[in-house]
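So this block is target26.pdb, PDB, C-alpha atoms, pLDDT in the B column:
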ATOM      1  CA  GLU A   1       7.903  -4.244  -3.326  1.00 94.00           C
ATOM      2  CA  VAL A   2       9.244  -3.800  -6.796  1.00 97.00           C
ATOM      3  CA  ARG A   3       9.807  -6.519  -9.401  1.00 97.00           C
ATOM      4  CA  VAL A   4      11.459  -6.693 -12.804  1.00 98.00           C
ATOM      5  CA  ARG A   5      10.332  -9.542 -15.058  1.00 97.00           C
ATOM      6  CA  ALA A   6      10.711 -10.949 -18.542  1.00 98.00           C
ATOM      7  CA  ASP A   7       7.251 -11.956 -19.816  1.00 97.00           C
ATOM      8  CA  TYR A   8       6.329 -14.027 -22.836  1.00 98.00           C
ATOM      9  CA  LEU A   9       3.183 -12.617 -24.454  1.00 96.00           C
ATOM     10  CA  ASP A  10       1.097 -15.450 -25.954  1.00 97.00           C
ATOM     11  CA  LEU A  11      -2.079 -14.245 -27.679  1.00 95.00           C
ATOM     12  CA  ALA A  12      -5.277 -16.276 -28.155  1.00 95.00           C
ATOM     13  CA  ASN A  13      -5.666 -14.960 -31.753  1.00 93.00           C
ATOM     14  CA  LYS A  14      -9.403 -15.590 -32.098  1.00 93.00           C
ATOM     15  CA  SER A  15     -11.332 -13.508 -34.640  1.00 91.00           C
ATOM     16  CA  ASP A  16     -14.621 -13.446 -36.517  1.00 89.00           C
ATOM     17  CA  ALA A  17     -14.866 -14.590 -40.139  1.00 86.00           C
ATOM     18  CA  PHE A  18     -15.325 -11.963 -42.870  1.00 82.00           C
ATOM     19  CA  SER A  19     -16.708 -13.778 -45.916  1.00 80.00           C
ATOM     20  CA  PRO A  20     -16.530 -10.893 -48.480  1.00 79.00           C
ATOM     21  CA  LEU A  21     -12.721 -11.169 -48.318  1.00 77.00           C
ATOM     22  CA  GLY A  22     -12.683 -14.926 -47.771  1.00 81.00           C
ATOM     23  CA  ILE A  23     -11.243 -14.503 -44.266  1.00 83.00           C
ATOM     24  CA  PRO A  24     -12.205 -17.507 -42.107  1.00 88.00           C
ATOM     25  CA  GLU A  25     -12.714 -17.525 -38.371  1.00 91.00           C
ATOM     26  CA  ASP A  26      -9.499 -17.096 -36.300  1.00 92.00           C
ATOM     27  CA  ALA A  27      -7.411 -15.984 -39.312  1.00 89.00           C
ATOM     28  CA  ILE A  28      -6.199 -12.661 -37.870  1.00 89.00           C
ATOM     29  CA  HIS A  29      -2.902 -13.394 -36.122  1.00 92.00           C
ATOM     30  CA  VAL A  30      -0.886 -11.077 -33.838  1.00 94.00           C
ATOM     31  CA  ASN A  31       2.653 -12.190 -33.013  1.00 96.00           C
ATOM     32  CA  GLY A  32       3.768 -13.387 -29.597  1.00 96.00           C
ATOM     33  CA  LYS A  33       6.980 -12.003 -28.099  1.00 97.00           C
ATOM     34  CA  TRP A  34       9.139 -11.504 -25.006  1.00 97.00           C
ATOM     35  CA  LEU A  35       8.753  -8.159 -23.256  1.00 96.00           C
ATOM     36  CA  PRO A  36       9.959  -6.570 -20.023  1.00 97.00           C
ATOM     37  CA  ASP A  37       7.702  -5.539 -17.181  1.00 96.00           C
ATOM     38  CA  VAL A  38       8.211  -3.705 -13.948  1.00 97.00           C
ATOM     39  CA  ASP A  39       5.668  -3.784 -11.164  1.00 96.00           C
ATOM     40  CA  PHE A  40       5.085  -1.985  -7.932  1.00 98.00           C
ATOM     41  CA  GLU A  41       3.230  -3.678  -5.096  1.00 97.00           C
ATOM     42  CA  TYR A  42       1.760  -2.019  -2.019  1.00 97.00           C
ATOM     43  CA  PHE A  43       0.730  -4.133   0.985  1.00 96.00           C
ATOM     44  CA  PHE A  44      -2.436  -3.095   2.838  1.00 96.00           C
ATOM     45  CA  THR A  45      -2.040  -6.033   5.262  1.00 96.00           C
ATOM     46  CA  GLN A  46       0.193  -9.113   5.361  1.00 94.00           C
ATOM     47  CA  HIS A  47      -2.192 -10.956   3.058  1.00 97.00           C
ATOM     48  CA  TRP A  48      -3.707  -8.213   0.879  1.00 98.00           C
ATOM     49  CA  SER A  49      -1.859  -6.025  -1.596  1.00 97.00           C
ATOM     50  CA  SER A  50      -2.293  -4.172  -4.864  1.00 98.00           C
ATOM     51  CA  GLU A  51       0.070  -4.483  -7.820  1.00 97.00           C
ATOM     52  CA  LEU A  52       0.555  -2.103 -10.762  1.00 98.00           C
ATOM     53  CA  ILE A  53       2.186  -3.868 -13.724  1.00 96.00           C
ATOM     54  CA  LEU A  54       3.820  -1.716 -16.417  1.00 96.00           C
ATOM     55  CA  THR A  55       5.889  -2.045 -19.586  1.00 95.00           C
ATOM     56  CA  TYR A  56       6.924   0.396 -22.302  1.00 94.00           C
ATOM     57  CA  PRO A  57       4.837   0.669 -25.527  1.00 95.00           C
ATOM     58  CA  GLN A  58       5.008  -2.554 -27.551  1.00 95.00           C
ATOM     59  CA  VAL A  59       4.816  -3.034 -31.338  1.00 96.00           C
ATOM     60  CA  GLN A  60       2.870  -6.047 -32.631  1.00 96.00           C
ATOM     61  CA  GLN A  61       2.846  -7.431 -36.181  1.00 96.00           C
ATOM     62  CA  VAL A  62      -0.471  -8.528 -37.706  1.00 93.00           C
ATOM     63  CA  THR A  63      -0.940 -11.236 -40.334  1.00 92.00           C
ATOM     64  CA  VAL A  64      -4.030 -12.632 -42.031  1.00 88.00           C
ATOM     65  CA  GLU A  65      -3.283 -16.352 -42.132  1.00 87.00           C
ATOM     66  CA  LYS A  66      -5.812 -17.166 -44.895  1.00 83.00           C
ATOM     67  CA  SER A  67      -8.044 -15.069 -47.157  1.00 79.00           C
ATOM     68  CA  ALA A  68      -9.191 -14.647 -50.767  1.00 75.00           C
ATOM     69  CA  LEU A  69      -5.671 -13.248 -51.378  1.00 72.00           C
ATOM     70  CA  GLY A  70      -4.064 -16.455 -50.109  1.00 77.00           C
ATOM     71  CA  GLY A  71      -1.937 -16.326 -47.043  1.00 77.00           C
ATOM     72  CA  PRO A  72      -0.306 -15.761 -44.794  1.00 90.00           C
ATOM     73  CA  THR A  73      -0.432 -12.059 -45.689  1.00 88.00           C
ATOM     74  CA  PRO A  74       1.283  -9.446 -43.463  1.00 92.00           C
ATOM     75  CA  ILE A  75      -1.092  -6.499 -43.102  1.00 90.00           C
ATOM     76  CA  GLY A  76       0.870  -4.189 -40.800  1.00 95.00           C
ATOM     77  CA  SER A  77       1.379  -3.365 -37.156  1.00 96.00           C
ATOM     78  CA  PHE A  78       0.048  -1.463 -34.163  1.00 96.00           C
ATOM     79  CA  ARG A  79       1.429  -0.191 -30.874  1.00 96.00           C
ATOM     80  CA  HIS A  80      -0.105  -0.837 -27.483  1.00 96.00           C
ATOM     81  CA  LEU A  81       0.485   0.120 -23.873  1.00 95.00           C
ATOM     82  CA  PRO A  82      -1.131  -2.438 -21.522  1.00 94.00           C
ATOM     83  CA  PRO A  83      -1.005  -1.402 -17.828  1.00 95.00           C
ATOM     84  CA  VAL A  84      -2.636  -3.866 -15.406  1.00 97.00           C
ATOM     85  CA  LEU A  85      -3.800  -3.145 -11.851  1.00 98.00           C
ATOM     86  CA  THR A  86      -4.636  -6.089  -9.578  1.00 98.00           C
ATOM     87  CA  VAL A  87      -5.624  -6.760  -5.992  1.00 98.00           C
ATOM     88  CA  LYS A  88      -3.712  -9.769  -4.666  1.00 98.00           C
ATOM     89  CA  TYR A  89      -4.158 -12.273  -1.888  1.00 98.00           C
ATOM     90  CA  ASN A  90      -0.783 -13.453  -0.559  1.00 97.00           C
ATOM     91  CA  ILE A  91      -1.398 -16.978   0.721  1.00 97.00           C
ATOM     92  CA  LEU A  92       1.718 -17.580   2.884  1.00 96.00           C
ATOM     93  CA  PRO A  93       3.186 -14.103   3.453  1.00 93.00           C
ATOM     94  CA  GLU A  94       5.806 -15.163   6.026  1.00 91.00           C
ATOM     95  CA  SER A  95       7.077 -18.263   4.179  1.00 95.00           C
ATOM     96  CA  ASP A  96      10.231 -18.449   2.029  1.00 96.00           C
ATOM     97  CA  ILE A  97       7.946 -19.505  -0.853  1.00 97.00           C
ATOM     98  CA  ARG A  98       4.994 -17.119  -1.030  1.00 97.00           C
ATOM     99  CA  PRO A  99       2.225 -18.021  -3.512  1.00 98.00           C
ATOM    100  CA  TYR A 100      -0.380 -15.424  -4.510  1.00 98.00           C
ATOM    101  CA  ILE A 101      -3.494 -14.966  -6.627  1.00 98.00           C
ATOM    102  CA  GLY A 102      -4.927 -11.740  -7.963  1.00 98.00           C
ATOM    103  CA  ALA A 103      -7.688 -10.138  -9.987  1.00 98.00           C
ATOM    104  CA  GLY A 104      -8.057  -6.699 -11.466  1.00 98.00           C
ATOM    105  CA  VAL A 105      -8.356  -4.666 -14.624  1.00 98.00           C
ATOM    106  CA  ASN A 106      -6.343  -4.353 -17.837  1.00 97.00           C
ATOM    107  CA  ILE A 107      -6.570  -1.086 -19.781  1.00 96.00           C
ATOM    108  CA  THR A 108      -4.824  -1.425 -23.141  1.00 96.00           C
ATOM    109  CA  LEU A 109      -4.238   1.713 -25.197  1.00 96.00           C
ATOM    110  CA  ILE A 110      -3.892   0.887 -28.921  1.00 95.00           C
ATOM    111  CA  TYR A 111      -2.389   3.467 -31.267  1.00 94.00           C
ATOM    112  CA  ASP A 112      -0.300   3.935 -34.423  1.00 94.00           C
ATOM    113  CA  ASP A 113      -2.351   1.193 -36.052  1.00 92.00           C
ATOM    114  CA  ASP A 114      -0.957   0.890 -39.560  1.00 93.00           C
ATOM    115  CA  LEU A 115      -2.991  -1.953 -41.063  1.00 93.00           C
ATOM    116  CA  ALA A 116      -4.062  -2.430 -44.667  1.00 90.00           C
ATOM    117  CA  VAL A 117      -5.269  -5.353 -46.779  1.00 82.00           C
ATOM    118  CA  PRO A 118      -3.514  -5.298 -50.178  1.00 81.00           C
ATOM    119  CA  THR A 119      -5.831  -4.130 -53.002  1.00 80.00           C
ATOM    120  CA  VAL A 120      -8.639  -3.508 -50.456  1.00 80.00           C
ATOM    121  CA  GLY A 121      -7.594  -0.681 -48.125  1.00 86.00           C
ATOM    122  CA  ARG A 122      -6.849   0.510 -44.627  1.00 91.00           C
ATOM    123  CA  LEU A 123      -8.142  -1.202 -41.478  1.00 89.00           C
ATOM    124  CA  ASP A 124      -8.615   0.489 -38.104  1.00 92.00           C
ATOM    125  CA  LEU A 125      -8.687  -0.806 -34.514  1.00 93.00           C
ATOM    126  CA  ASN A 126     -10.418   0.469 -31.377  1.00 92.00           C
ATOM    127  CA  HIS A 127      -7.987   2.628 -29.433  1.00 93.00           C
ATOM    128  CA  VAL A 128      -8.917   1.409 -25.928  1.00 96.00           C
ATOM    129  CA  SER A 129      -9.676  -2.058 -24.572  1.00 96.00           C
ATOM    130  CA  VAL A 130     -10.785  -2.452 -20.943  1.00 97.00           C
ATOM    131  CA  GLY A 131     -11.287  -5.873 -19.401  1.00 97.00           C
ATOM    132  CA  PRO A 132     -10.683  -8.105 -16.420  1.00 98.00           C
ATOM    133  CA  ALA A 133      -7.254  -9.510 -15.578  1.00 98.00           C
ATOM    134  CA  LEU A 134      -6.232 -12.507 -13.458  1.00 98.00           C
ATOM    135  CA  GLN A 135      -2.852 -13.507 -12.092  1.00 98.00           C
ATOM    136  CA  GLY A 136      -1.186 -16.163 -10.000  1.00 98.00           C
ATOM    137  CA  GLY A 137       2.381 -16.814  -9.055  1.00 98.00           C
ATOM    138  CA  LEU A 138       4.936 -17.107  -6.323  1.00 97.00           C
ATOM    139  CA  ASP A 139       7.833 -15.263  -4.770  1.00 97.00           C
ATOM    140  CA  TRP A 140      10.775 -17.321  -3.520  1.00 98.00           C
ATOM    141  CA  LYS A 141      12.925 -15.603  -0.897  1.00 96.00           C
ATOM    142  CA  VAL A 142      16.625 -16.059  -1.754  1.00 97.00           C
ATOM    143  CA  ALA A 143      18.177 -13.437   0.585  1.00 95.00           C
ATOM    144  CA  PRO A 144      16.898 -10.851   3.062  1.00 92.00           C
ATOM    145  CA  ASN A 145      14.466  -8.626   1.100  1.00 94.00           C
ATOM    146  CA  TRP A 146      15.342 -10.320  -2.268  1.00 97.00           C
ATOM    147  CA  PHE A 147      13.264 -12.926  -4.080  1.00 97.00           C
ATOM    148  CA  LEU A 148      12.817 -14.694  -7.385  1.00 98.00           C
ATOM    149  CA  ASN A 149       9.392 -14.526  -9.006  1.00 98.00           C
ATOM    150  CA  ALA A 150       7.340 -16.688 -11.368  1.00 98.00           C
ATOM    151  CA  ASP A 151       4.026 -15.257 -12.558  1.00 97.00           C
ATOM    152  CA  LEU A 152       1.146 -16.073 -14.905  1.00 98.00           C
ATOM    153  CA  LYS A 153      -1.281 -13.365 -16.021  1.00 97.00           C
ATOM    154  CA  TRP A 154      -4.349 -13.419 -18.288  1.00 98.00           C
ATOM    155  CA  ALA A 155      -6.289 -10.422 -19.572  1.00 97.00           C
ATOM    156  CA  LEU A 156      -9.404  -9.920 -21.666  1.00 96.00           C
ATOM    157  CA  LEU A 157      -8.236  -7.870 -24.669  1.00 95.00           C
ATOM    158  CA  ARG A 158     -10.605  -7.216 -27.573  1.00 94.00           C
ATOM    159  CA  SER A 159     -10.645  -4.808 -30.505  1.00 93.00           C
ATOM    160  CA  ASP A 160     -13.061  -4.276 -33.361  1.00 93.00           C
ATOM    161  CA  VAL A 161     -11.402  -4.419 -36.785  1.00 90.00           C
ATOM    162  CA  LYS A 162     -13.014  -1.755 -38.993  1.00 90.00           C
ATOM    163  CA  PHE A 163     -12.964  -1.043 -42.724  1.00 88.00           C
ATOM    164  CA  GLN A 164     -14.192   2.426 -43.739  1.00 89.00           C
ATOM    165  CA  GLY A 165     -15.782   2.821 -40.298  1.00 89.00           C
ATOM    166  CA  THR A 166     -17.696  -0.487 -40.432  1.00 89.00           C
ATOM    167  CA  LYS A 167     -16.841  -3.384 -38.125  1.00 90.00           C
ATOM    168  CA  ILE A 168     -15.738  -6.398 -40.167  1.00 87.00           C
ATOM    169  CA  SER A 169     -14.344  -8.555 -37.361  1.00 87.00           C
ATOM    170  CA  GLU A 170     -13.533  -8.616 -33.675  1.00 90.00           C
ATOM    171  CA  ALA A 171      -9.983  -9.567 -32.708  1.00 91.00           C
ATOM    172  CA  LYS A 172     -10.072 -11.518 -29.432  1.00 94.00           C
ATOM    173  CA  LEU A 173      -6.438 -11.380 -28.372  1.00 94.00           C
ATOM    174  CA  ASP A 174      -6.869 -12.350 -24.675  1.00 96.00           C
ATOM    175  CA  PRO A 175      -3.152 -12.664 -23.833  1.00 96.00           C
ATOM    176  CA  LEU A 176      -1.472 -15.050 -21.437  1.00 97.00           C
ATOM    177  CA  LEU A 177       1.787 -13.701 -20.018  1.00 97.00           C
ATOM    178  CA  PHE A 178       4.304 -16.118 -18.533  1.00 97.00           C
ATOM    179  CA  GLY A 179       6.857 -14.206 -16.465  1.00 97.00           C
ATOM    180  CA  ILE A 180      10.048 -14.804 -14.517  1.00 98.00           C
ATOM    181  CA  GLY A 181      11.997 -12.194 -12.630  1.00 98.00           C
ATOM    182  CA  VAL A 182      13.537 -10.802  -9.496  1.00 98.00           C
ATOM    183  CA  GLY A 183      12.108  -8.557  -6.800  1.00 97.00           C
ATOM    184  CA  TYR A 184      13.003  -6.518  -3.758  1.00 97.00           C
ATOM    185  CA  ARG A 185      10.799  -5.930  -0.703  1.00 94.00           C
ATOM    186  CA  PHE A 186      11.392  -2.665   1.168  1.00 90.00           C
ATOM    187  CA  GLY A 187      11.267  -2.691   4.957  1.00 78.00           C
ATOM    188  CA  ARG A 188      11.072  -5.884   7.041  1.00 62.00           C
TER
END
Same coordinates, now as structure tokens:
Amino acid sequence: EVRVRADYLDLANKSDAFSPLGIPEDAIHVNGKWLPDVDFEYFFTQHWSSELILTYPQVQQVTVEKSALGGPTPIGSFRHLPPVLTVKYNILPESDIRPYIGAGVNITLIYDDDLAVPTVGRLDLNHVSVGPALQGGLDWKVAPNWFLNADLKWALLRSDVKFQGTKISEAKLDPLLFGIGVGYRFGR
């Protein structure tokens, strides 16, 4: 199977406080956005499959909502590439409406981080985040081999925020992705 979806990326935006700069808890904010994804699913049996979910590199804007400098203060951006691999259980594989659940791993590569606090200096992020991922959704058969898809994914995504090599906060982004799309099943 192959699917193409539009996903809305909604980030948890939890972070540690950093009192020397007057940054309270949960003040580091990364924007939400729509993004495309394409996935490839391989069926081991009628019920069990594996899905690889991909998109192209995404750019996210970062803002400190409140600090000693006031706020909100834009502090820059970073790029990320977040492939997800899940194992899925397809609950009603022969039905016209086929719900599924899945669990797997998210490996997010973070790069081109261009973050700086005005009058303070550059900030750096970890370049890799590995964590669990969960998904649930359904395929609705609309023609032979064609279906519509609705999908919800969650992933654990964390990155240390560092100033001059010292961790000053942990950004707990933990995204939810709400997706809708279309798919095609090869064979049968």
Under the PyMOL selection byres ((chain A and resi 82) around 12), which residues of this model are included? Write them out as a ChimeraX atom specification.
/A:9,35-37,52-59,79-81,83-85,105-111,127-131,133,154-157,174-175,177
Go ahead and write the selection's residues with C-alpha atoms as a PDB file, in the frame of the given file.
ATOM      1  CA  LEU A   9       3.183 -12.617 -24.454  1.00 96.00           C
ATOM      2  CA  LEU A  35       8.753  -8.159 -23.256  1.00 96.00           C
ATOM      3  CA  PRO A  36       9.959  -6.570 -20.023  1.00 97.00           C
ATOM      4  CA  ASP A  37       7.702  -5.539 -17.181  1.00 96.00           C
ATOM      5  CA  LEU A  52       0.555  -2.103 -10.762  1.00 98.00           C
ATOM      6  CA  ILE A  53       2.186  -3.868 -13.724  1.00 96.00           C
ATOM      7  CA  LEU A  54       3.820  -1.716 -16.417  1.00 96.00           C
ATOM      8  CA  THR A  55       5.889  -2.045 -19.586  1.00 95.00           C
ATOM      9  CA  TYR A  56       6.924   0.396 -22.302  1.00 94.00           C
ATOM     10  CA  PRO A  57       4.837   0.669 -25.527  1.00 95.00           C
ATOM     11  CA  GLN A  58       5.008  -2.554 -27.551  1.00 95.00           C
ATOM     12  CA  VAL A  59       4.816  -3.034 -31.338  1.00 96.00           C
ATOM     13  CA  ARG A  79       1.429  -0.191 -30.874  1.00 96.00           C
ATOM     14  CA  HIS A  80      -0.105  -0.837 -27.483  1.00 96.00           C
ATOM     15  CA  LEU A  81       0.485   0.120 -23.873  1.00 95.00           C
ATOM     16  CA  PRO A  83      -1.005  -1.402 -17.828  1.00 95.00           C
ATOM     17  CA  VAL A  84      -2.636  -3.866 -15.406  1.00 97.00           C
ATOM     18  CA  LEU A  85      -3.800  -3.145 -11.851  1.00 98.00           C
ATOM     19  CA  VAL A 105      -8.356  -4.666 -14.624  1.00 98.00           C
ATOM     20  CA  ASN A 106      -6.343  -4.353 -17.837  1.00 97.00           C
ATOM     21  CA  ILE A 107      -6.570  -1.086 -19.781  1.00 96.00           C
ATOM     22  CA  THR A 108      -4.824  -1.425 -23.141  1.00 96.00           C
ATOM     23  CA  LEU A 109      -4.238   1.713 -25.197  1.00 96.00           C
ATOM     24  CA  ILE A 110      -3.892   0.887 -28.921  1.00 95.00           C
ATOM     25  CA  TYR A 111      -2.389   3.467 -31.267  1.00 94.00           C
ATOM     26  CA  HIS A 127      -7.987   2.628 -29.433  1.00 93.00           C
ATOM     27  CA  VAL A 128      -8.917   1.409 -25.928  1.00 96.00           C
ATOM     28  CA  SER A 129      -9.676  -2.058 -24.572  1.00 96.00           C
ATOM     29  CA  VAL A 130     -10.785  -2.452 -20.943  1.00 97.00           C
ATOM     30  CA  GLY A 131     -11.287  -5.873 -19.401  1.00 97.00           C
ATOM     31  CA  ALA A 133      -7.254  -9.510 -15.578  1.00 98.00           C
ATOM     32  CA  TRP A 154      -4.349 -13.419 -18.288  1.00 98.00           C
ATOM     33  CA  ALA A 155      -6.289 -10.422 -19.572  1.00 97.00           C
ATOM     34  CA  LEU A 156      -9.404  -9.920 -21.666  1.00 96.00           C
ATOM     35  CA  LEU A 157      -8.236  -7.870 -24.669  1.00 95.00           C
ATOM     36  CA  ASP A 174      -6.869 -12.350 -24.675  1.00 96.00           C
ATOM     37  CA  PRO A 175      -3.152 -12.664 -23.833  1.00 96.00           C
ATOM     38  CA  LEU A 177       1.787 -13.701 -20.018  1.00 97.00           C
TER      39      LEU A 177
END
So what do you get for CA of Val142 (chain A) versus CA of Phe43 (chain A), distance-wise?
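Straight-line distance from CA of Val142 (chain A) to CA of Phe43 (chain A) works out to 20.1 Å.
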For a quick check of understanding, using all atoms listed in the file, which of A:Ser50, A:Gln61, A:Val4, A:Asp114 has the smallest distance to Lys33 (chain A)?
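Checking each candidate against Lys33 (chain A), we get A:Gln61 as the closest.
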A:Asp151, A:Asp124, A:Asp139, A:Glu41: which is nearest Tyr8 (chain A), counting only C-alpha atoms?
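Selected residue with least distance to Tyr8 (chain A): A:Asp151.
In this model, the gap between CA of His29 (chain A) and CA of Ser77 (chain A) comes to 11.0 Å.
Counting only C-alpha atoms, the residue from A:Pro144, A:Gly102, A:Gly187, A:Gly165 that sits nearest to Gly121 (chain A) is A:Gly165.
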(-5.4, -10.0, -3.4) in this file's frame - what residues fall within 9 Å of it? Use all atoms listed in the file and give the answer as a PDB file with C-alpha atoms, in the coordinates of the input.
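Listed below is the output, part.pdb:
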ATOM      1  CA  HIS A  47      -2.192 -10.956   3.058  1.00 97.00           C
ATOM      2  CA  TRP A  48      -3.707  -8.213   0.879  1.00 98.00           C
ATOM      3  CA  SER A  49      -1.859  -6.025  -1.596  1.00 97.00           C
ATOM      4  CA  SER A  50      -2.293  -4.172  -4.864  1.00 98.00           C
ATOM      5  CA  GLU A  51       0.070  -4.483  -7.820  1.00 97.00           C
ATOM      6  CA  THR A  86      -4.636  -6.089  -9.578  1.00 98.00           C
ATOM      7  CA  VAL A  87      -5.624  -6.760  -5.992  1.00 98.00           C
ATOM      8  CA  LYS A  88      -3.712  -9.769  -4.666  1.00 98.00           C
ATOM      9  CA  TYR A  89      -4.158 -12.273  -1.888  1.00 98.00           C
ATOM     10  CA  ASN A  90      -0.783 -13.453  -0.559  1.00 97.00           C
ATOM     11  CA  TYR A 100      -0.380 -15.424  -4.510  1.00 98.00           C
ATOM     12  CA  ILE A 101      -3.494 -14.966  -6.627  1.00 98.00           C
ATOM     13  CA  GLY A 102      -4.927 -11.740  -7.963  1.00 98.00           C
ATOM     14  CA  ALA A 103      -7.688 -10.138  -9.987  1.00 98.00           C
TER      15      ALA A 103
END
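With only C-alpha atoms as the basis for measurement, A:Leu11 is the residue among A:Ile28, A:Leu115, A:Leu11, A:Ile97 that approaches Leu176 (chain A) most closely.
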